[in-house]
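Below: one structure, written as structure tokens.
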Amino acid sequence: LREVNINVEGLYSKGLESINLAEISHLVTLCEEEICPSIDAKVQKHAWTYADPASAGDTYEQRLDAFRWVRDDLLHRIPALIRDVLSTA
């Protein structure tokens with residue numbers, strides 16, 4: 001993320017158990033469907049399936065390229081989702 005000037009200070013990965021699902025209206029999951037947790041909350045779910053970039057290829061460069069591809073895709077999809085959510089609010 002630093003490569004595209006996104007400050008990652010203080011950011012960390014969180015599990016679903018640390019999120020109060022009653023306080024959110026939308027939930028984006030990034031895992032492959034067969035390993036994504038089932039969520040019963042009354043939220044709008046957006047399943048964006050990505051293969052695990054850590055498992056991509058045999059070399060560091062191949063895995064780095066896979067992480068970059070996911071990052072770049074998310075940098076396009078997230079603003080589009082926000083625009084869509086705000087336009088229907």
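How things are named: the first chain in the structure tokens is A, the next is B, and so on; residues count from 1 in each chain; ligands count from 1 in the order shown.
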
(request) List every residue of chain A that DSSP, applied to the backbone of this structure, assigns to helix (DSSP H, G or I), and report them as JSON, numbers by chain. (result) {"A": [2, 3, 4, 16, 17, 18, 21, 22, 23, 33, 34, 35, 53, 54, 55, 60, 61, 62, 63, 64, 65, 66, 67, 68, 69, 70, 71, 72, 73, 74, 75, 76, 77, 78, 79, 80, 81, 82, 83, 84, 85, 86, 87]}

Which residues, written as a short mmCIF file (atom, residue, chain, number, x, y, z; two decimals) with all heavy atoms, in the first residue's frame, have at least one atom at most 8 Å from stretch 40-46 of chain A, with only C-alpha atoms counted and residues fewer than 6 positions away on the same chain left out?
```
data_model
loop_
_atom_site.label_atom_id
_atom_site.label_comp_id
_atom_site.auth_asym_id
_atom_site.auth_seq_id
_atom_site.Cartn_x
_atom_site.Cartn_y
_atom_site.Cartn_z
N LEU A 21 -21.61 -6.28 14.00
CA LEU A 21 -22.35 -6.32 12.74
C LEU A 21 -23.64 -5.52 12.80
O LEU A 21 -24.17 -5.12 11.76
CB LEU A 21 -22.62 -7.77 12.34
CG LEU A 21 -21.37 -8.61 12.03
CD1 LEU A 21 -21.76 -10.05 11.73
CD2 LEU A 21 -20.57 -8.01 10.89
N ALA A 22 -24.15 -5.25 14.00
CA ALA A 22 -25.36 -4.44 14.14
C ALA A 22 -25.10 -2.97 13.79
O ALA A 22 -26.04 -2.22 13.56
CB ALA A 22 -25.91 -4.55 15.56
N ILE A 24 -23.16 -1.92 11.18
CA ILE A 24 -22.75 -1.70 9.80
C ILE A 24 -23.90 -2.03 8.86
O ILE A 24 -24.80 -2.80 9.19
CB ILE A 24 -21.50 -2.53 9.43
CG1 ILE A 24 -21.79 -4.03 9.50
CG2 ILE A 24 -20.33 -2.17 10.32
CD1 ILE A 24 -20.67 -4.90 8.98
N SER A 25 -23.87 -1.43 7.67
CA SER A 25 -24.92 -1.70 6.68
C SER A 25 -24.40 -2.52 5.51
O SER A 25 -25.19 -3.14 4.80
CB SER A 25 -25.51 -0.39 6.18
OG SER A 25 -24.50 0.42 5.58
N HIS A 26 -23.10 -2.50 5.28
CA HIS A 26 -22.50 -3.22 4.16
C HIS A 26 -21.27 -3.98 4.65
O HIS A 26 -20.53 -3.49 5.50
CB HIS A 26 -22.08 -2.26 3.05
CG HIS A 26 -23.25 -1.63 2.38
ND1 HIS A 26 -23.76 -2.09 1.19
CD2 HIS A 26 -24.02 -0.57 2.73
CE1 HIS A 26 -24.78 -1.34 0.84
NE2 HIS A 26 -24.96 -0.42 1.76
N LEU A 27 -21.07 -5.15 4.06
CA LEU A 27 -19.92 -5.98 4.42
C LEU A 27 -19.31 -6.53 3.14
O LEU A 27 -20.01 -7.15 2.33
CB LEU A 27 -20.34 -7.13 5.33
CG LEU A 27 -19.25 -8.10 5.74
CD1 LEU A 27 -18.25 -7.44 6.68
CD2 LEU A 27 -19.86 -9.33 6.37
N VAL A 28 -18.03 -6.27 2.94
CA VAL A 28 -17.31 -6.78 1.77
C VAL A 28 -16.40 -7.90 2.25
O VAL A 28 -15.61 -7.71 3.16
CB VAL A 28 -16.47 -5.68 1.09
CG1 VAL A 28 -15.66 -6.26 -0.06
CG2 VAL A 28 -17.36 -4.54 0.62
N THR A 29 -16.56 -9.06 1.63
CA THR A 29 -15.65 -10.18 1.92
C THR A 29 -14.75 -10.38 0.71
O THR A 29 -15.17 -10.18 -0.43
CB THR A 29 -16.42 -11.47 2.24
OG1 THR A 29 -17.27 -11.80 1.15
CG2 THR A 29 -17.24 -11.31 3.52
#
```

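With only C-alpha atoms as the basis for measurement, A:Trp48 is the residue among A:Arg2, A:Glu17, A:Gly10, A:Trp48 that approaches A:Ile78 most closely.
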
(message) Need the shell around stretch 64-72 of chain A: protein/DNA/RNA residues with any atom at most 12 Å away, counting only C-alpha atoms. Skip same-chain ones fewer than 2 positions apart. Format as JSON, numbers by chain?
(response) {"A": [1, 2, 3, 4, 6, 30, 31, 48, 49, 50, 51, 52, 53, 54, 55, 56, 57, 58, 59, 60, 61, 62, 74, 75, 76, 77, 78, 79]}

Keeping C-alpha atoms for every residue in the selection just given, could you write it to a file as a tab-separated table (two decimals), in the first residue's frame?
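See again_18.tsv below for the written result:
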```
chain	number	residue	atom	x	y	z
A	1	LEU	CA	0.00	0.00	0.00
A	2	ARG	CA	2.91	2.31	0.62
A	3	GLU	CA	3.75	1.95	-3.08
A	4	VAL	CA	0.56	3.90	-3.87
A	6	ILE	CA	-1.62	4.81	1.36
A	30	LEU	CA	-12.53	-10.91	-0.09
A	31	CYS	CA	-12.13	-14.64	0.46
A	48	TRP	CA	-15.50	-10.09	-3.95
A	49	THR	CA	-13.70	-13.35	-4.54
A	50	TYR	CA	-9.93	-13.32	-4.88
A	51	ALA	CA	-7.53	-16.23	-4.85
A	52	ASP	CA	-5.04	-15.90	-2.02
A	53	PRO	CA	-2.15	-13.88	-3.47
A	54	ALA	CA	0.22	-15.46	-0.94
A	55	SER	CA	-0.28	-18.74	-2.82
A	56	ALA	CA	0.27	-17.28	-6.29
A	57	GLY	CA	3.20	-18.60	-8.26
A	58	ASP	CA	6.47	-20.06	-7.13
A	59	THR	CA	8.54	-16.91	-6.76
A	60	TYR	CA	8.46	-13.83	-4.59
A	61	GLU	CA	7.94	-11.66	-7.70
A	62	GLN	CA	4.92	-13.70	-8.80
A	74	LEU	CA	-9.66	-2.95	-4.85
A	75	LEU	CA	-8.54	0.64	-5.45
A	76	HIS	CA	-11.05	0.73	-8.31
A	77	ARG	CA	-13.85	-1.31	-6.76
A	78	ILE	CA	-14.04	0.38	-3.35
A	79	PRO	CA	-14.71	3.92	-4.66
```

(request) Would you mind reading off the distance between atom CA of A:Leu16 and atom CA of A:Ala89, one decimal, in Å? (result) 24.8 Å

(message) I'd like to know which residues of chain A are strand (DSSP E or B) (by DSSP, run on the backbone); could you write them as a PyMOL selection string?
(response) chain A and resi 26-29+44-47

Only N, CA, C and O atoms, please: the residues just picked out, written as a PDB file, in the first residue's frame.
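File selection.pdb, as written:
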```pdb
ATOM      1  N   HIS A  26     -23.095  -2.503   5.276  1.00  0.00           N
ATOM      2  CA  HIS A  26     -22.502  -3.222   4.161  1.00  0.00           C
ATOM      3  C   HIS A  26     -21.270  -3.982   4.654  1.00  0.00           C
ATOM      4  O   HIS A  26     -20.534  -3.491   5.499  1.00  0.00           O
ATOM      5  N   LEU A  27     -21.070  -5.154   4.064  1.00  0.00           N
ATOM      6  CA  LEU A  27     -19.916  -5.975   4.417  1.00  0.00           C
ATOM      7  C   LEU A  27     -19.312  -6.533   3.137  1.00  0.00           C
ATOM      8  O   LEU A  27     -20.008  -7.154   2.329  1.00  0.00           O
ATOM      9  N   VAL A  28     -18.032  -6.266   2.936  1.00  0.00           N
ATOM     10  CA  VAL A  28     -17.313  -6.782   1.771  1.00  0.00           C
ATOM     11  C   VAL A  28     -16.404  -7.903   2.250  1.00  0.00           C
ATOM     12  O   VAL A  28     -15.610  -7.710   3.164  1.00  0.00           O
ATOM     13  N   THR A  29     -16.556  -9.064   1.633  1.00  0.00           N
ATOM     14  CA  THR A  29     -15.651 -10.177   1.919  1.00  0.00           C
ATOM     15  C   THR A  29     -14.752 -10.384   0.714  1.00  0.00           C
ATOM     16  O   THR A  29     -15.172 -10.182  -0.426  1.00  0.00           O
ATOM     17  N   GLN A  44     -25.992  -5.680   3.837  1.00  0.00           N
ATOM     18  CA  GLN A  44     -25.802  -5.910   2.405  1.00  0.00           C
ATOM     19  C   GLN A  44     -24.424  -6.543   2.231  1.00  0.00           C
ATOM     20  O   GLN A  44     -23.417  -5.942   2.602  1.00  0.00           O
ATOM     21  N   LYS A  45     -24.391  -7.738   1.685  1.00  0.00           N
ATOM     22  CA  LYS A  45     -23.126  -8.458   1.545  1.00  0.00           C
ATOM     23  C   LYS A  45     -22.591  -8.318   0.124  1.00  0.00           C
ATOM     24  O   LYS A  45     -23.338  -8.424  -0.845  1.00  0.00           O
ATOM     25  N   HIS A  46     -21.305  -8.070   0.026  1.00  0.00           N
ATOM     26  CA  HIS A  46     -20.615  -7.958  -1.248  1.00  0.00           C
ATOM     27  C   HIS A  46     -19.469  -8.967  -1.219  1.00  0.00           C
ATOM     28  O   HIS A  46     -18.508  -8.782  -0.481  1.00  0.00           O
ATOM     29  N   ALA A  47     -19.601 -10.037  -1.982  1.00  0.00           N
ATOM     30  CA  ALA A  47     -18.582 -11.087  -2.005  1.00  0.00           C
ATOM     31  C   ALA A  47     -17.662 -10.843  -3.191  1.00  0.00           C
ATOM     32  O   ALA A  47     -18.035 -11.088  -4.342  1.00  0.00           O
TER      33      ALA A  47
END
```
